[in-house]
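Engineer: Pasting a structure here, questions to come.
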Amino acid sequence: VQVGDWVLALGQPFGLEGTVTAGIVSAKGRGLGIAFRENFIQTDAAINPGNSGGPLVNLDGEVIGINTAISTESGGYQGAGFAIPSNLAKFVAVQLAESGVVRRGYLGVAIQPVEGTLAEQLGVKPNEGVLVAEVYPNTPAAEAGIQSGDVILSFDRKKVSSPNELQSYVEESEIDKPHDVQILRDGKQMTLKVTVREQPSEYGMDRVPRRLRGSDRAIPDSQSFARLGIQVETLTSDLARELGVDVKEGVVITQVKPDSPAALAGLTKGTIIIEANRQKVTNVSDLREALAAKPLSQGVLLRVITPEGLSRYIAIRVGEDQ
């Protein structure tokens, strides 16, 4: 299925049995925030209440999805409908029929898309692979040697272009068997063997994003990094406790100048910087040294812990005149 393919949605909108509407595939791999796992096909074929459960078919009459949800402000069709991909539905249905439970594989990583300035800093094209922001201990990824900062390019020789795509490949892969994972690390491609295991039922439950606490507290006078547009302070155990985070080392952003390079990159007050340009940051001096290693005009790659407690990589572009 490709974006732009013509599709038909069948169902019973408003109780009107046997209704067929036409449109195209608008996007793939969509997430709406209504379930823990999401990989929807988006379509502009009219889907309304009563369409759920009906098939989404291509012009060859093949079922490619199951109509599931709409995005709307009125309660009715507004051009954005969503269907569960048929291969995902089949994967779930077969397991339920055979064993009564669904077993999904997992790697044990936090991942993020590779876009814009971030892609430039990593030396890849936009949406070429996904970036590993964090590797959790005692997981298949950790045992295979995957590291934060790696870009996963393919899984079992299938190219990866988005987090949802990789998640689908891994969850539907054979469990307790090795799989080839091609990565890019420090500009060099390599292939690792990862033995995918069954995802524990409680996996991820202890990683629900944390909200920043005490963000309005008085933080000691900060040191300024004016060209980036931030002020920072070395993280202490007391400060980490008041911010409600488990991080032990790094620097806390205490102020972000509006419309600065940092603000445009999405950095906010309370974010903790733990790496800069691939160098570990434990205090303000470390950050200053890492930023001095190359001109800011070539861009800055930061690994941060967001105020919600999530590990992410942020790329900042700094102009020559800033």
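By convention in this document, the chains of the structure tokens carry letters A, B, ... by their order, each chain's residues are numbered from 1, and ligands are numbered from 1 in the order they are shown.
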Which residues, written as JSON, numbers by chain, have at least one atom at most 7 Å from region 39-48 of chain A, with only C-alpha atoms counted and residues fewer than 5 positions away on the same chain left out?

Structural biologist: {"A": [8, 9, 13, 21, 22, 23, 24, 25, 26, 27, 28, 29, 30, 31, 70, 76, 77, 79, 80, 81, 82, 83, 84, 85, 164]}

Engineer: DSSP on the backbone: which residues in region 147-178 of chain A end up as alpha helix (DSSP H)? Give the answer as a list in words.

Structural biologist: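 So, restricting region 147-178 of chain A to alpha helix (DSSP H), we get Pro163, Asn164, Glu165, Leu166, Gln167, Ser168, Tyr169, Val170 and Glu171 of chain A.
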
Engineer: Quick one: of A:Leu184, A:Leu192, A:Leu96, A:Ile146, who's nearest to Gly123 (chain A), counting only C-alpha atoms?

Structural biologist: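 Ranking A:Leu184, A:Leu192, A:Leu96, A:Ile146 by distance to Gly123 (chain A), first place goes to A:Leu184.
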
Engineer: Which value, in Å to one decimal, gives the distance between CA of Pro163 (chain A) and CA of Val7 (chain A)?

Structural biologist: 25.0 Å

Engineer: Go through A:Phe225, A:Tyr169, A:Phe155, A:Tyr136 and flag the residue nearest Gly105 (chain A), using only C-alpha atoms for the distances.

Structural biologist: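 Of all the options, A:Tyr169 lies closest to Gly105 (chain A).
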
Engineer: Enter the distance from CA of Ser260 (chain A) to CA of Val281 (chain A), in Å, rounded to one decimal.

Structural biologist: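 About the pair CA of Ser260 (chain A) and CA of Val281 (chain A): they are 21.7 Å apart.
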
Engineer: Please identify which residues in region 172-283 of chain A DSSP calls strand (DSSP E or B) from the backbone, and express them as an NGL selection string.

Structural biologist: :A and (177-185 or 188-198 or 223-225 or 230-234 or 251-256 or 272-276 or 279-280)

Engineer: Store the residues of this selection in a file with C-alpha atoms, as a PDB file, in the first residue's frame.

Structural biologist:
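File produced: part.pdb:
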ATOM      1  CA  LYS A 177      15.157 -16.156  17.293  1.00  0.00           C
ATOM      2  CA  PRO A 178      18.000 -13.905  16.054  1.00  0.00           C
ATOM      3  CA  HIS A 179      17.242 -11.074  13.641  1.00  0.00           C
ATOM      4  CA  ASP A 180      19.570  -8.820  11.642  1.00  0.00           C
ATOM      5  CA  VAL A 181      19.502  -5.180  12.715  1.00  0.00           C
ATOM      6  CA  GLN A 182      21.518  -2.813  10.522  1.00  0.00           C
ATOM      7  CA  ILE A 183      22.673   0.308  12.333  1.00  0.00           C
ATOM      8  CA  LEU A 184      24.734   3.431  11.691  1.00  0.00           C
ATOM      9  CA  ARG A 185      27.158   4.277  14.508  1.00  0.00           C
ATOM     10  CA  LYS A 188      29.897   3.498  10.079  1.00  0.00           C
ATOM     11  CA  GLN A 189      27.305   0.891   9.136  1.00  0.00           C
ATOM     12  CA  MET A 190      27.257  -2.446  10.912  1.00  0.00           C
ATOM     13  CA  THR A 191      24.864  -5.352  11.397  1.00  0.00           C
ATOM     14  CA  LEU A 192      24.033  -6.763  14.818  1.00  0.00           C
ATOM     15  CA  LYS A 193      22.236  -9.986  15.679  1.00  0.00           C
ATOM     16  CA  VAL A 194      19.367  -9.355  18.072  1.00  0.00           C
ATOM     17  CA  THR A 195      17.424 -12.190  19.678  1.00  0.00           C
ATOM     18  CA  VAL A 196      13.920 -10.786  20.017  1.00  0.00           C
ATOM     19  CA  ARG A 197      12.089 -11.852  23.167  1.00  0.00           C
ATOM     20  CA  GLU A 198       8.440 -11.690  24.147  1.00  0.00           C
ATOM     21  CA  GLN A 223      25.690  30.344  33.399  1.00  0.00           C
ATOM     22  CA  SER A 224      24.708  31.694  30.003  1.00  0.00           C
ATOM     23  CA  PHE A 225      25.239  30.131  26.589  1.00  0.00           C
ATOM     24  CA  ILE A 230      19.946  29.139  27.168  1.00  0.00           C
ATOM     25  CA  GLN A 231      21.093  29.453  30.741  1.00  0.00           C
ATOM     26  CA  VAL A 232      22.134  26.294  32.570  1.00  0.00           C
ATOM     27  CA  GLU A 233      23.071  25.037  36.016  1.00  0.00           C
ATOM     28  CA  THR A 234      24.945  21.877  37.017  1.00  0.00           C
ATOM     29  CA  VAL A 251      23.111  20.313  33.431  1.00  0.00           C
ATOM     30  CA  VAL A 252      19.630  21.774  33.834  1.00  0.00           C
ATOM     31  CA  ILE A 253      18.308  24.431  31.477  1.00  0.00           C
ATOM     32  CA  THR A 254      17.002  27.190  33.729  1.00  0.00           C
ATOM     33  CA  GLN A 255      16.009  29.723  31.065  1.00  0.00           C
ATOM     34  CA  VAL A 256      15.353  29.644  27.320  1.00  0.00           C
ATOM     35  CA  ILE A 272      18.485  18.229  31.407  1.00  0.00           C
ATOM     36  CA  ILE A 273      21.419  18.008  28.989  1.00  0.00           C
ATOM     37  CA  ILE A 274      23.406  14.781  29.444  1.00  0.00           C
ATOM     38  CA  GLU A 275      25.444  14.762  26.195  1.00  0.00           C
ATOM     39  CA  ALA A 276      26.654  17.415  23.750  1.00  0.00           C
ATOM     40  CA  GLN A 279      30.477  13.933  24.693  1.00  0.00           C
ATOM     41  CA  LYS A 280      29.171  13.174  28.179  1.00  0.00           C
TER      42      LYS A 280
END

Engineer: Between A:Asp176, A:Val114, A:Val102, A:Gly229, single out the one closest to Ser201 (chain A), counting only C-alpha atoms.

Structural biologist: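 Of A:Asp176, A:Val114, A:Val102, A:Gly229, the one nearest Ser201 (chain A) is A:Val102, counting only C-alpha atoms.
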